[in-house]
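Everything below belongs to coords.txt, which stores compact mmCIF, C-alpha atoms.
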```txt
# COMPACT_ATOMS: atom_id res chain seq x y z
CA MET R 1280 11.29 -11.63 -66.60
CA THR R 1281 8.42 -13.11 -64.62
CA SER R 1282 7.22 -16.61 -65.36
CA ILE R 1283 3.79 -17.39 -66.75
CA LYS R 1284 2.79 -18.75 -63.32
CA GLU R 1285 3.83 -15.52 -61.58
CA GLN R 1286 2.04 -13.41 -64.17
CA ALA R 1287 -1.14 -15.42 -63.63
CA ALA R 1288 -0.85 -14.91 -59.85
CA ILE R 1289 -0.35 -11.16 -60.28
CA SER R 1290 -3.32 -11.06 -62.62
CA ARG R 1291 -5.49 -12.79 -60.01
CA LEU R 1292 -4.36 -10.31 -57.37
CA LEU R 1293 -5.14 -7.31 -59.57
CA SER R 1294 -8.50 -8.80 -60.43
CA PHE R 1295 -9.28 -9.34 -56.74
CA LEU R 1296 -8.25 -5.79 -55.82
CA GLN R 1297 -10.31 -4.38 -58.67
CA GLU R 1298 -13.30 -6.39 -57.54
CA TRP R 1299 -12.91 -4.91 -54.03
CA ASP R 1300 -12.52 -1.37 -55.36
CA ASN R 1301 -15.67 -1.61 -57.48
CA ALA R 1302 -17.79 -3.46 -54.92
CA GLY R 1303 -20.56 -1.96 -52.83
CA LYS R 1304 -21.23 -2.63 -49.14
CA VAL R 1305 -23.02 -5.95 -49.72
CA SER R 1306 -20.38 -7.28 -52.10
CA ARG R 1307 -17.55 -6.23 -49.81
CA SER R 1308 -19.28 -8.00 -46.92
CA HIS R 1309 -19.27 -11.23 -48.97
CA ILE R 1310 -15.60 -10.73 -49.87
CA LEU R 1311 -14.74 -10.33 -46.18
CA ASP R 1312 -16.71 -13.47 -45.27
CA LYS R 1313 -14.74 -15.48 -47.81
CA PHE R 1314 -11.42 -13.93 -46.75
CA ILE R 1315 -12.03 -14.76 -43.07
CA GLU R 1316 -13.09 -18.31 -43.88
CA THR R 1317 -10.08 -19.12 -46.07
CA ASN R 1318 -7.29 -17.25 -44.27
CA GLN R 1319 -7.97 -17.63 -40.53
CA GLY R 1320 -4.78 -18.68 -38.71
CA LYS R 1321 -2.39 -18.23 -41.65
CA THR R 1322 1.14 -16.95 -41.16
CA ALA R 1323 2.47 -13.82 -42.87
CA PRO R 1324 4.38 -15.85 -45.52
CA GLU R 1325 1.24 -17.83 -46.27
CA LEU R 1326 -0.76 -14.62 -46.68
CA GLU R 1327 1.89 -13.24 -49.00
CA GLN R 1328 1.71 -16.41 -51.05
CA GLU R 1329 -2.08 -16.16 -51.17
CA PHE R 1330 -1.84 -12.57 -52.43
CA SER R 1331 1.19 -13.06 -54.71
CA GLN R 1332 3.44 -11.00 -52.39
CA GLY R 1333 0.88 -8.20 -52.36
CA ALA R 1334 -1.02 -8.80 -49.13
CA SER R 1335 -0.21 -5.28 -47.94
CA LEU R 1336 -2.22 -3.90 -50.88
CA PHE R 1337 -5.36 -5.54 -49.48
CA LEU R 1338 -4.53 -4.53 -45.88
CA ILE R 1339 -4.24 -0.89 -47.02
CA ARG R 1340 -7.71 -1.11 -48.53
CA LEU R 1341 -9.10 -2.61 -45.33
CA THR R 1342 -7.59 0.10 -43.10
CA THR R 1343 -8.74 2.82 -45.48
CA TRP R 1344 -12.32 1.54 -45.44
CA LEU R 1345 -12.11 1.23 -41.64
CA ARG R 1346 -11.15 4.89 -41.26
CA ILE R 1347 -13.96 5.97 -43.58
CA THR R 1348 -16.80 3.85 -42.16
CA TYR R 1349 -16.03 3.00 -38.51
CA MET R 1350 -18.40 5.66 -37.18
CA THR R 1351 -21.32 4.11 -39.06
CA GLY R 1352 -20.55 0.55 -38.04
CA CYS R 1353 -20.89 -0.78 -41.60
CA CYS R 1354 -19.48 -4.36 -41.69
CA LEU R 1355 -17.29 -3.27 -38.80
CA GLU R 1356 -17.08 -6.62 -37.05
CA LYS R 1357 -16.03 -8.45 -40.22
CA LEU R 1358 -13.62 -5.68 -41.13
CA LEU R 1359 -11.89 -5.84 -37.76
CA LYS R 1360 -11.70 -9.65 -37.92
CA SER R 1361 -10.07 -9.39 -41.34
CA ILE R 1362 -7.49 -6.89 -40.09
CA GLY R 1363 -6.94 -9.18 -37.13
CA ILE R 1364 -5.93 -12.00 -39.48
CA PHE R 1365 -3.08 -9.81 -40.71
CA LEU R 1366 -2.01 -8.47 -37.31
CA SER R 1367 -2.11 -11.80 -35.49
CA ALA R 1368 -0.29 -13.74 -38.21
CA VAL R 1369 3.12 -15.13 -37.32
CA SER R 1370 5.90 -12.80 -38.56
CA SER R 1371 3.38 -9.99 -39.06
CA ASN R 1372 5.59 -7.09 -37.93
CA ARG R 1373 5.31 -5.38 -41.29
CA TYR R 1374 1.51 -5.53 -41.25
CA LEU R 1375 1.44 -4.21 -37.69
CA ARG R 1376 3.71 -1.32 -38.61
CA GLU R 1377 1.56 -0.44 -41.63
CA PHE R 1378 -1.60 -0.48 -39.52
CA LEU R 1379 -0.12 1.75 -36.83
CA GLU R 1380 1.27 4.24 -39.36
CA VAL R 1381 -2.24 5.12 -40.47
CA GLY R 1382 -3.49 5.73 -36.92
CA GLY R 1383 -4.87 2.27 -36.25
CA VAL R 1384 -4.61 2.49 -32.45
CA LEU R 1385 -6.56 5.75 -32.24
CA THR R 1386 -9.26 4.34 -34.50
CA LEU R 1387 -9.65 1.23 -32.36
CA LEU R 1388 -9.88 3.31 -29.19
CA GLU R 1389 -12.44 5.65 -30.72
CA ILE R 1390 -14.62 2.66 -31.64
CA LEU R 1391 -14.89 1.77 -27.93
CA GLY R 1392 -16.50 5.12 -27.17
CA LEU R 1393 -19.10 5.13 -29.95
CA GLU R 1394 -22.65 4.43 -28.78
CA LYS R 1395 -24.04 3.14 -32.11
CA ILE R 1396 -21.40 0.42 -32.50
CA THR R 1397 -22.37 -3.14 -31.49
CA GLU R 1398 -20.76 -4.91 -28.54
CA GLU R 1399 -19.39 -7.59 -30.88
CA ALA R 1400 -17.59 -5.01 -32.99
CA LYS R 1401 -16.17 -3.37 -29.87
CA LYS R 1402 -15.00 -6.77 -28.64
CA GLU R 1403 -13.12 -7.27 -31.92
CA SER R 1404 -11.55 -3.85 -31.44
CA VAL R 1405 -10.36 -4.86 -27.96
CA LYS R 1406 -8.91 -8.09 -29.37
CA LEU R 1407 -6.89 -6.10 -31.92
CA LEU R 1408 -5.60 -3.87 -29.11
CA GLN R 1409 -4.57 -7.04 -27.27
CA VAL R 1410 -2.60 -8.21 -30.31
CA ILE R 1411 -0.88 -4.82 -30.53
CA ALA R 1412 -0.08 -4.73 -26.79
CA ASN R 1413 1.32 -8.26 -26.86
CA SER R 1414 3.72 -7.28 -29.65
CA GLY R 1415 6.09 -5.53 -27.26
CA ARG R 1416 6.76 -2.76 -24.79
CA LYS R 1417 6.84 0.09 -27.31
CA TYR R 1418 3.38 -0.88 -28.54
CA LYS R 1419 2.00 -0.89 -24.99
CA GLU R 1420 3.44 2.57 -24.53
CA LEU R 1421 1.82 3.70 -27.78
CA ILE R 1422 -1.60 2.55 -26.55
CA CYS R 1423 -1.12 4.33 -23.21
CA GLU R 1424 0.11 7.51 -24.92
CA SER R 1425 -3.07 7.45 -27.01
CA TYR R 1426 -5.20 7.65 -23.83
CA GLY R 1427 -5.79 3.93 -24.11
CA VAL R 1428 -6.06 3.28 -20.38
CA ARG R 1429 -8.81 5.85 -19.96
CA SER R 1430 -10.73 4.65 -23.04
CA THR R 1431 -10.59 0.97 -22.11
CA ALA R 1432 -11.40 1.61 -18.44
CA GLU R 1433 -14.47 3.68 -19.35
CA PHE R 1434 -15.56 1.00 -21.79
CA LEU R 1435 -15.14 -1.71 -19.15
CA ALA R 1436 -17.40 0.24 -16.79
CA LYS R 1437 -20.11 0.84 -19.42
CA SER R 1438 -20.08 -2.43 -21.36
CA GLN R 1439 -23.19 -4.60 -21.07
CA SER R 1440 -21.44 -7.79 -22.20
CA GLU R 1441 -19.52 -9.81 -19.60
CA GLU R 1442 -17.62 -11.59 -22.35
CA THR R 1443 -16.44 -8.25 -23.75
CA GLN R 1444 -15.55 -7.00 -20.26
CA GLU R 1445 -13.35 -10.06 -19.77
CA GLU R 1446 -11.52 -9.22 -23.00
CA VAL R 1447 -10.90 -5.71 -21.67
CA GLN R 1448 -9.48 -7.20 -18.48
CA VAL R 1449 -7.02 -9.24 -20.56
CA LEU R 1450 -5.94 -6.03 -22.30
CA LEU R 1451 -5.46 -4.08 -19.05
CA ASP R 1452 -3.55 -7.00 -17.54
CA SER R 1453 -1.26 -6.98 -20.58
CA LEU R 1454 -0.71 -3.22 -20.25
CA VAL R 1455 0.36 -3.50 -16.61
CA HIS R 1456 3.00 -6.15 -17.39
CA GLY R 1457 6.29 -5.18 -19.01
CA ASN R 1458 5.29 -1.54 -19.20
CA PRO R 1459 7.26 0.30 -16.49
CA LYS R 1460 6.69 3.73 -18.01
CA TYR R 1461 2.92 3.55 -17.77
CA GLN R 1462 2.17 0.74 -15.30
CA ASN R 1463 1.21 3.28 -12.62
CA GLN R 1464 -1.27 4.84 -15.02
CA VAL R 1465 -2.93 1.45 -15.51
CA TYR R 1466 -2.91 0.87 -11.74
CA LYS R 1467 -4.66 4.18 -11.07
CA GLY R 1468 -7.17 3.43 -13.83
CA LEU R 1469 -8.06 0.14 -12.15
CA ILE R 1470 -8.60 1.88 -8.80
CA ALA R 1471 -10.79 4.49 -10.51
CA LEU R 1472 -13.03 1.66 -11.75
CA LEU R 1473 -13.90 0.39 -8.26
CA PRO R 1474 -16.76 2.86 -7.59
CA CYS R 1475 -18.47 2.09 -10.93
CA VAL R 1476 -21.97 0.59 -10.98
CA SER R 1477 -21.09 -2.52 -13.00
CA PRO R 1478 -20.49 -5.50 -10.65
CA LYS R 1479 -18.58 -7.38 -13.36
CA ALA R 1480 -16.30 -4.39 -13.95
CA GLN R 1481 -15.66 -4.16 -10.20
CA GLN R 1482 -14.88 -7.86 -9.99
CA LEU R 1483 -12.46 -7.78 -12.94
CA SER R 1484 -10.78 -4.60 -11.69
CA LEU R 1485 -10.20 -6.15 -8.26
CA GLN R 1486 -8.76 -9.29 -9.86
CA THR R 1487 -6.39 -7.25 -12.03
CA LEU R 1488 -5.36 -5.07 -9.07
CA ARG R 1489 -4.24 -8.21 -7.26
CA THR R 1490 -1.99 -8.97 -10.22
CA ALA R 1491 -0.81 -5.38 -10.55
CA GLN R 1492 -0.01 -4.68 -6.89
CA PRO R 1493 3.18 -6.82 -6.69
CA ILE R 1494 4.38 -5.18 -9.92
CA ILE R 1495 3.71 -1.63 -8.68
CA ARG R 1496 5.05 -2.48 -5.18
CA THR R 1497 3.82 0.78 -3.64
CA THR R 1498 0.17 1.55 -2.96
CA HIS R 1499 -1.96 4.50 -3.96
CA PRO R 1500 -3.38 6.48 -0.98
CA CYS R 1501 -7.01 6.20 -2.15
CA ILE R 1502 -7.02 2.42 -2.61
CA VAL R 1503 -8.09 1.80 1.00
CA ASP R 1504 -11.27 3.90 0.81
CA CYS R 1505 -12.14 2.52 -2.63
CA VAL R 1506 -11.78 -1.11 -1.58
CA LEU R 1507 -13.69 -0.60 1.68
CA LYS R 1508 -16.58 1.02 -0.19
CA VAL R 1509 -16.75 -1.97 -2.51
CA LEU R 1510 -17.58 -4.08 0.56
CA GLY R 1511 -21.03 -2.50 0.43
CA THR R 1512 -21.89 -4.52 -2.68
CA MET R 1513 -24.74 -7.02 -2.80
CA HIS R 1514 -22.74 -9.22 -5.17
CA LEU R 1515 -20.82 -11.93 -3.33
CA GLU R 1516 -18.36 -12.49 -6.19
CA VAL R 1517 -17.32 -8.82 -5.93
CA GLN R 1518 -17.10 -9.02 -2.14
CA TYR R 1519 -14.91 -12.12 -2.42
CA GLU R 1520 -12.44 -10.35 -4.73
CA ALA R 1521 -12.38 -7.31 -2.44
CA ILE R 1522 -11.51 -9.45 0.59
CA GLU R 1523 -8.83 -11.28 -1.41
CA LEU R 1524 -7.30 -7.91 -2.33
CA ILE R 1525 -7.48 -6.80 1.32
CA LYS R 1526 -5.54 -9.95 2.27
CA ASP R 1527 -2.81 -8.84 -0.13
CA LEU R 1528 -2.85 -5.17 0.89
CA VAL R 1529 -2.16 -5.88 4.58
CA GLY R 1530 1.35 -6.73 3.45
CA TYR R 1531 1.92 -3.15 2.26
CA ASP R 1532 2.19 0.29 3.84
CA VAL R 1533 -1.60 0.73 4.01
CA ARG R 1534 -1.97 -2.06 6.58
CA GLN R 1535 -2.77 0.20 9.53
CA ALA R 1536 -5.23 2.35 7.57
CA LEU R 1537 -6.92 -0.75 6.22
CA LEU R 1538 -7.35 -2.37 9.64
CA LYS R 1539 -8.65 0.88 11.13
CA GLY R 1540 -11.10 1.19 8.26
CA LEU R 1541 -12.41 -2.34 8.72
CA VAL R 1542 -12.95 -1.82 12.45
CA ALA R 1543 -14.69 1.52 11.80
CA LEU R 1544 -17.17 -0.20 9.47
CA LEU R 1545 -18.32 -2.45 12.32
CA ILE R 1546 -20.11 0.50 13.96
CA PRO R 1547 -22.02 2.59 11.37
CA SER R 1548 -22.25 6.27 12.22
CA VAL R 1549 -25.43 7.68 13.75
CA LYS R 1550 -25.98 9.64 10.54
CA GLU R 1551 -26.04 6.43 8.51
CA THR R 1552 -28.18 4.36 10.84
CA SER R 1553 -30.75 7.15 11.22
CA LYS R 1554 -31.58 6.68 7.55
CA LEU R 1555 -32.98 3.21 8.25
CA GLN R 1556 -36.70 3.55 7.79
CA ALA R 1557 -38.92 0.95 6.15
CA LYS R 1558 -40.29 2.37 2.91
CA ILE R 1559 -43.22 0.52 1.40
CA LEU R 1560 -44.21 1.13 -2.20
CA ASN R 1561 -47.81 1.19 -3.40
CA GLU R 1562 -47.93 -2.61 -3.36
CA PRO R 1563 -47.64 -3.77 0.27
CA SER R 1564 -45.77 -6.91 -0.81
CA ILE R 1565 -42.83 -4.92 -2.20
CA LEU R 1566 -40.18 -3.61 0.17
CA GLN R 1567 -37.97 -0.79 -1.06
CA LEU R 1568 -34.26 -1.05 -0.30
CA THR R 1569 -33.22 1.56 2.25
CA PRO R 1570 -30.21 3.85 1.91
CA SER R 1571 -28.64 2.11 4.93
CA LEU R 1572 -28.45 -1.29 3.27
CA PRO R 1573 -24.97 -0.70 1.76
CA THR R 1574 -23.80 0.41 5.22
CA PHE R 1575 -24.99 -2.82 6.80
CA LEU R 1576 -23.55 -4.85 3.91
CA GLN R 1577 -20.23 -3.14 4.60
CA GLN R 1578 -20.58 -3.97 8.28
CA ALA R 1579 -21.17 -7.65 7.56
CA ALA R 1580 -18.37 -7.81 4.98
CA ALA R 1581 -15.96 -6.06 7.35
CA ALA R 1582 -16.71 -8.64 10.05
CA LYS R 1583 -16.11 -11.39 7.51
CA ALA R 1584 -12.88 -9.82 6.24
CA ILE R 1585 -11.54 -9.43 9.79
CA GLY R 1586 -12.29 -13.09 10.44
CA VAL R 1587 -10.41 -14.12 7.31
CA LEU R 1588 -7.41 -11.96 8.24
CA VAL R 1589 -7.06 -13.14 11.84
CA ARG R 1590 -7.34 -16.79 10.85
CA ASN R 1591 -4.43 -16.29 8.44
CA ASP R 1592 -2.17 -14.17 10.66
CA ILE R 1593 -2.33 -13.99 14.46
CA SER R 1594 -0.20 -10.81 14.48
CA ILE R 1595 -3.05 -9.04 12.68
CA ALA R 1596 -5.39 -10.24 15.41
CA GLU R 1597 -3.20 -8.60 18.03
CA GLU R 1598 -3.10 -5.32 16.10
CA LEU R 1599 -6.87 -5.37 15.81
CA LEU R 1600 -7.25 -5.80 19.57
CA TYR R 1601 -5.53 -2.43 20.01
CA LEU R 1602 -8.07 -0.93 17.58
CA ARG R 1603 -11.02 -2.07 19.78
CA VAL R 1604 -12.18 -4.71 17.35
CA VAL R 1605 -13.93 -6.68 20.11
CA HIS R 1606 -16.11 -3.69 20.95
CA GLY R 1607 -16.98 -3.27 17.27
CA LEU R 1608 -17.79 -6.94 16.72
CA MET R 1609 -20.09 -7.08 19.73
CA ALA R 1610 -21.85 -3.92 18.55
CA ALA R 1611 -22.40 -5.54 15.15
CA MET R 1612 -23.79 -8.63 16.89
CA GLY R 1613 -26.47 -6.36 18.36
CA ASN R 1614 -27.58 -5.01 14.97
CA THR R 1615 -31.02 -6.62 14.76
CA ASP R 1616 -31.67 -4.80 11.47
CA HIS R 1617 -29.18 -7.00 9.62
CA SER R 1618 -28.93 -10.65 10.65
CA ASN R 1619 -25.90 -11.36 8.42
CA SER R 1620 -23.90 -8.73 10.32
CA GLN R 1621 -24.86 -10.47 13.56
CA ARG R 1622 -23.90 -13.91 12.27
CA LEU R 1623 -20.55 -12.95 10.73
CA ALA R 1624 -19.55 -10.73 13.66
CA SER R 1625 -20.35 -13.57 16.05
CA LEU R 1626 -18.20 -16.03 14.10
CA THR R 1627 -15.28 -13.60 14.02
CA LEU R 1628 -15.61 -12.79 17.71
CA GLU R 1629 -15.48 -16.53 18.39
CA CYS R 1630 -12.01 -16.56 16.78
CA PHE R 1631 -10.77 -13.85 19.14
CA VAL R 1632 -12.28 -15.60 22.16
CA GLN R 1633 -10.54 -18.84 21.21
CA MET R 1634 -7.21 -17.07 20.57
CA PHE R 1635 -7.06 -14.76 23.59
CA PRO R 1636 -8.15 -15.66 27.16
CA MET R 1637 -8.24 -11.94 27.93
CA VAL R 1638 -10.87 -11.39 25.25
CA ALA R 1639 -12.89 -14.34 26.54
CA GLU R 1640 -13.03 -12.81 30.05
CA HIS R 1641 -14.06 -9.40 28.76
CA VAL R 1642 -16.76 -10.87 26.54
CA ARG R 1643 -18.08 -13.10 29.34
CA ARG R 1644 -18.22 -10.19 31.76
CA CYS R 1645 -20.10 -8.00 29.27
CA MET R 1646 -22.53 -10.64 28.03
CA GLY R 1647 -23.32 -12.26 31.32
CA GLU R 1648 -23.06 -15.99 31.95
CA GLU R 1649 -26.28 -17.05 30.23
CA LEU R 1650 -25.65 -15.19 26.97
CA TYR R 1651 -21.99 -16.13 27.00
CA GLN R 1652 -22.80 -19.83 27.25
CA LEU R 1653 -25.23 -19.48 24.36
CA PHE R 1654 -22.47 -17.81 22.38
CA LEU R 1655 -19.97 -20.58 23.16
CA SER R 1656 -22.43 -23.33 22.27
CA ASN R 1657 -23.20 -22.01 18.76
CA ALA R 1658 -21.80 -18.66 17.73
CA GLU R 1659 -23.20 -18.84 14.19
CA ASP R 1660 -26.82 -19.22 15.30
CA LEU R 1661 -26.64 -16.90 18.31
CA TYR R 1662 -28.50 -14.10 16.51
CA MET R 1663 -31.62 -16.31 16.30
CA LYS R 1664 -31.63 -17.02 20.03
CA ILE R 1665 -31.07 -13.62 21.63
CA ASP R 1666 -33.92 -11.32 22.71
CA SER R 1667 -34.16 -7.56 22.26
CA ILE R 1668 -32.63 -6.82 25.69
CA GLN R 1669 -29.60 -8.99 24.98
CA ALA R 1670 -29.25 -7.39 21.55
CA ASP R 1671 -29.26 -3.95 23.21
CA ILE R 1672 -26.59 -5.09 25.67
CA LEU R 1673 -24.38 -6.14 22.76
CA ALA R 1674 -25.04 -3.00 20.72
CA ALA R 1675 -24.29 -0.70 23.68
CA ASN R 1676 -21.29 -2.63 25.02
CA LYS R 1677 -18.34 -0.72 26.50
CA VAL R 1678 -15.75 -3.48 26.18
CA ASN R 1679 -12.24 -2.02 26.03
CA VAL R 1680 -9.61 -4.72 25.64
CA THR R 1681 -7.09 -2.11 24.55
CA ARG R 1682 -6.96 -0.54 28.01
CA ALA R 1683 -6.41 -3.92 29.64
CA LEU R 1684 -3.66 -4.76 27.16
CA ARG R 1685 -1.83 -1.54 28.01
CA GLN R 1686 -2.17 -2.18 31.73
CA LEU R 1687 -0.71 -5.68 31.43
CA GLY R 1688 2.03 -4.60 29.03
CA SER R 1689 3.84 -6.78 26.53
CA CYS R 1690 4.27 -9.83 28.80
CA TYR R 1691 0.72 -11.00 28.06
CA SER R 1692 1.24 -10.69 24.34
CA MET R 1693 4.58 -12.51 24.40
CA ASN R 1694 3.22 -15.34 26.54
CA THR R 1695 0.19 -15.73 24.32
CA PHE R 1696 2.08 -15.80 21.02
CA CYS R 1697 4.82 -18.06 22.36
CA GLY R 1698 2.23 -20.68 23.27
CA SER R 1699 2.06 -20.11 27.08
CA ARG R 1700 -1.62 -19.34 27.12
CA ASP R 1701 -2.24 -20.76 30.59
CA SER R 1702 0.23 -18.40 32.27
CA ALA R 1703 -1.12 -15.49 30.25
CA HIS R 1704 -4.64 -16.42 31.25
CA MET R 1705 -3.71 -16.60 34.95
CA ALA R 1706 -1.98 -13.22 34.73
CA TYR R 1707 -5.10 -11.69 33.28
CA ILE R 1708 -7.45 -13.36 35.82
CA THR R 1709 -5.31 -11.98 38.65
CA GLN R 1710 -5.52 -8.50 37.17
CA PHE R 1711 -9.26 -8.88 36.66
CA GLN R 1712 -9.78 -9.89 40.30
CA LYS R 1713 -7.80 -6.86 41.46
CA GLU R 1714 -10.08 -4.62 39.42
CA ASP R 1715 -13.16 -6.22 40.98
CA VAL R 1716 -11.80 -5.73 44.51
CA GLU R 1717 -10.91 -2.10 43.83
CA SER R 1718 -14.36 -1.44 42.35
CA ASN R 1719 -16.05 -3.01 45.42
CA GLU R 1720 -14.00 -0.89 47.77
```
What is this file in structure tokens?
Amino acid sequence: MTSIKEQAAISRLLSFLQEWDNAGKVSRSHILDKFIETNQGKTAPELEQEFSQGASLFLIRLTTWLRITYMTGCCLEKLLKSIGIFLSAVSSNRYLREFLEVGGVLTLLEILGLEKITEEAKKESVKLLQVIANSGRKYKELICESYGVRSTAEFLAKSQSEETQEEVQVLLDSLVHGNPKYQNQVYKGLIALLPCVSPKAQQLSLQTLRTAQPIIRTTHPCIVDCVLKVLGTMHLEVQYEAIELIKDLVGYDVRQALLKGLVALLIPSVKETSKLQAKILNEPSILQLTPSLPTFLQQAAAAKAIGVLVRNDISIAEELLYLRVVHGLMAAMGNTDHSNSQRLASLTLECFVQMFPMVAEHVRRCMGEELYQLFLSNAEDLYMKIDSIQADILAANKVNVTRALRQLGSCYSMNTFCGSRDSAHMAYITQFQKEDVESNE
């Protein structure tokens, strides 16, 4: 037989459940407010005590109302917060199981795709998916099997709230860890996000890719093109993340393709540069952005990325020499349509000149003594001091360090990287003098 105290508790529970069943939308909203206020942070045993061992009876009512009303958005944010109290409670495995049995994951994912639902409600839905994903590998797999990666990735790209987008990033990061069956699916979803128009989504995707890449170990073939295209962004925080990812990717099998791609961006194609025409709107004070701007942004970012890479690893600098990076950097220095390209290319070229005597001689010979001395005195400000003729000389340069490297063979490279720069320099000067004599003859 139950005690009088237990009977009173059961009576209170039945009264509460009856109140919920008979309540309208407004009354239920008040009930949810009170429930959230009094039960936030409670453990599963504490919830059971609060509901006289019948907490599941209230959870069932919440999930039922969720399935009926989620498309309308009625009290959705409060409803999801209330369910979250159950799912996030310590020792809440039973509640989690009950929620999933009624299709909770699919409902939460569908909420993300509904246009009429508020951002706050969608954020609460993402938080519940985080709780489910953090409950173990089988729950991560359930989310992925329910097309969760696609739904969350699309929502990340479309969301207008940076705070909500950051919550989605946390979810995707959780799905890529401890989920070997579907980690590649998450990885591909992150790559697919890179071309989206949301700068915040691009930034968060790049950050998560940096975390995911060591877990995946191999690279996807399209990641190089996607990351290089992101360099055309006007948002410096996105560009920073892209360059950080490039620094990581040079340690994988896409290294050669990545370096070739960066060098190629230094010289925009004729097709791209021919688009550069000043377009003035009706108001003469307003300048319309040209289609070539992303191309020049890519050029500047590529010069910056190359500079970052060669400062970190001299072996990358040597590889880039064989890809005619000096020619590309000097061409970018002559791009008078984009001063940032000139400045960043000049700074990166300065690194190569300081590292390799051979490069210094080629650059000096191409620039001429006057321009070369200007370059050495202040590479960063060179673009402000050169005239149109000097800019044309840089843009049309024919510098080919690769050919000289092949003529000298590996001895130059070994001397340079072993620290014997003087002997390497003398070997190159001798070769250079021979070429001058032969050309005079």
Ser1618 of chain R surroundings by all atoms listed in the file, 12 Å radius, close-in-sequence under 3 positions cut, as a PyMOL selection string
chain R and resi 1572+1575-1576+1578-1579+1611-1615+1621-1625+1659-1665+1670
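What separates atom CA of Pro1324 of chain R from atom CA of Arg1376 of chain R is a distance of 16.1 Å.
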Contact residues around Pro1573 of chain R with all atoms listed in the file at 7 Å, ignoring same-chain residues under 3 positions, as a PyMOL selection string:
chain R and resi 1511-1512+1570+1576-1577
Give me, please, the distance in Å between atom CA of Asp1527 of chain R and atom CA of Leu1472 of chain R, quoted to one decimal.
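If I compute the distance from atom CA of Asp1527 of chain R to atom CA of Leu1472 of chain R, I get 18.7 Å.
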Pick from R:Ser1370, R:Asn1679, R:Thr1348, R:Gln1464: nearest to Cys1423 of chain R, with all atoms listed in the file counted?
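Going through R:Ser1370, R:Asn1679, R:Thr1348, R:Gln1464 one by one, the smallest distance to Cys1423 of chain R is for R:Gln1464.
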Give me, please, the distance in Å between atom CA of Ser1335 of chain R and atom CA of Leu1450 of chain R, quoted to one decimal.
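If I compute the distance from atom CA of Ser1335 of chain R to atom CA of Leu1450 of chain R, I get 26.3 Å.
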Which residues are near segment 1536-1550 of chain R? Cut-off 8 Å, all atoms listed in the file, ignore same chain within fewer than 4 positions. Put them as a list of chain:residue names.
R:Val1503, R:Asp1504, R:Leu1507, R:Ile1525, R:Val1529, R:Lys1554, R:Thr1574, R:Phe1575, R:Gln1577, R:Gln1578, R:Ala1579, R:Ala1581, R:Ala1582, R:Ala1584, R:Ile1585, R:Leu1599, R:Leu1602, R:Arg1603, R:Val1604, R:Gly1607, R:Leu1608, R:Ala1610, R:Ala1611
Got time to write the residues from that selection, C-alpha atoms, as a compact mmCIF listing (two decimals), in the coordinates of the input?
```
# COMPACT_ATOMS: atom_id res chain seq x y z
CA VAL R 1503 -8.09 1.80 1.00
CA ASP R 1504 -11.27 3.90 0.81
CA LEU R 1507 -13.69 -0.60 1.68
CA ILE R 1525 -7.48 -6.80 1.32
CA VAL R 1529 -2.16 -5.88 4.58
CA LYS R 1554 -31.58 6.68 7.55
CA THR R 1574 -23.80 0.41 5.22
CA PHE R 1575 -24.99 -2.82 6.80
CA GLN R 1577 -20.23 -3.14 4.60
CA GLN R 1578 -20.58 -3.97 8.28
CA ALA R 1579 -21.17 -7.65 7.56
CA ALA R 1581 -15.96 -6.06 7.35
CA ALA R 1582 -16.71 -8.64 10.05
CA ALA R 1584 -12.88 -9.82 6.24
CA ILE R 1585 -11.54 -9.43 9.79
CA LEU R 1599 -6.87 -5.37 15.81
CA LEU R 1602 -8.07 -0.93 17.58
CA ARG R 1603 -11.02 -2.07 19.78
CA VAL R 1604 -12.18 -4.71 17.35
CA GLY R 1607 -16.98 -3.27 17.27
CA LEU R 1608 -17.79 -6.94 16.72
CA ALA R 1610 -21.85 -3.92 18.55
CA ALA R 1611 -22.40 -5.54 15.15
```
Mind listing as a PyMOL selection string all residues within 10 Å of (-8.3, -8.5, -27.8), counting all atoms listed in the file?
chain R and resi 1363+1401-1413+1443+1445-1450
So that I can see what lies close to Ala1432 of chain R, please list as a count of residues only the residues with an atom at most 7 Å from it, counting all atoms listed in the file and leaving out residues fewer than 3 positions away in the same chain.
6
If we count all atoms listed in the file and set the cut-off at 8 Å, which residues sit around Ser1371 of chain R, ignoring sequence neighbours fewer than 4 positions away in its own chain? Please answer as a VMD selection string.
chain R and resid 1322 to 1323 1365 to 1367 1375
When you count only C-alpha atoms, which of these residues is closest to Leu1626 of chain R: R:Val1517, R:Leu1388, R:Leu1655, R:Cys1645?
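When distances to Leu1626 of chain R are compared using only C-alpha atoms, the smallest one comes from R:Leu1655.
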Would you kindly identify which residues have an atom no farther than 9 Å from (5.5, -0.5, -11.6), using all atoms listed in the file and the file's own coordinates, and write them out as number ranges by chain?
R: 1455-1463, 1466, 1491-1497
For Trp1344 of chain R, which residue out of R:Asn1318, R:Leu1485, R:Thr1490, R:Gly1303 is the nearest one, using all atoms listed in the file?
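Checking each candidate against Trp1344 of chain R, we get R:Gly1303 as the closest.
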